[in-house]
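Structure first, commentary second.
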Amino acid sequence: MGWETRERGGKYYTRSKWVNGGVVREYVGTGALGKIVALDDELKRFRQEEEAARWRKERERLERSAAFLHLLAEAAEVLTRAHLLASGCHKHKGQWRRQRGS
């Protein structure tokens, strides 16, 4: 997207779009119309970048939370195993069972 200058000296604003796997240039206009559309496109790009940054921050926050929960789950697993072993249980075919005769 941007302003282009023709050989005869006129400036005009164009947009580029993907259509059927290729880039197609769309003529928008010159003068005031071109400036208005250019500013509108710039505002849209700015808003998209802000939205992308907001989602990136949210994803990073969720990844940090997930990492903390993973560590917490590992700690809970270790404490559970320690408690079961201390109370006289053993693991048999993936299941915790009480020792015979206890």
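We name chains A, B, ... following the order of the structure tokens; residues begin at 1 in each chain, and ligands are numbered from 1 as shown.
The residues of chain A that DSSP assigns to strand (DSSP E) on this backbone come out as Gly2, Trp3, Glu4, Thr5, Lys11, Tyr12, Tyr13, Thr14, Arg15, Ser16, Lys17, Trp18, Val19, Gly22, Val23, Val24, Arg25, Glu26, Tyr27, Val28, Gly29, Cys89, His90, Lys91, His92, Gln95, Trp96, Arg97 and Arg98 of chain A.
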Point to revise | Those of region 12-73 of chain A in DSSP alpha helix (DSSP H), formatted as a PyMOL selection string | key: chain A and resi 31-73
Practice item. Write out as a PyMOL selection string each polymer residue whose atoms come within 8 Å of region 2-11 of chain A, counting only C-alpha atoms; drop sequence neighbours fewer than 5 positions from it. Key: chain A and resi 30-31+38
**Study point:** Gap from CA of Cys89 (chain A) to CA of Ala76 (chain A) - Å, one decimal
**Key:**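 A separation of 17.1 Å between them.
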Exercise for review: For Tyr27 (chain A), list every protein, DNA or RNA residue within 9 Å, evaluated using only C-alpha atoms, and leave out those in the same chain fewer than 4 positions away; present the list as a PyMOL selection string.
Suggested key: chain A and resi 12-16
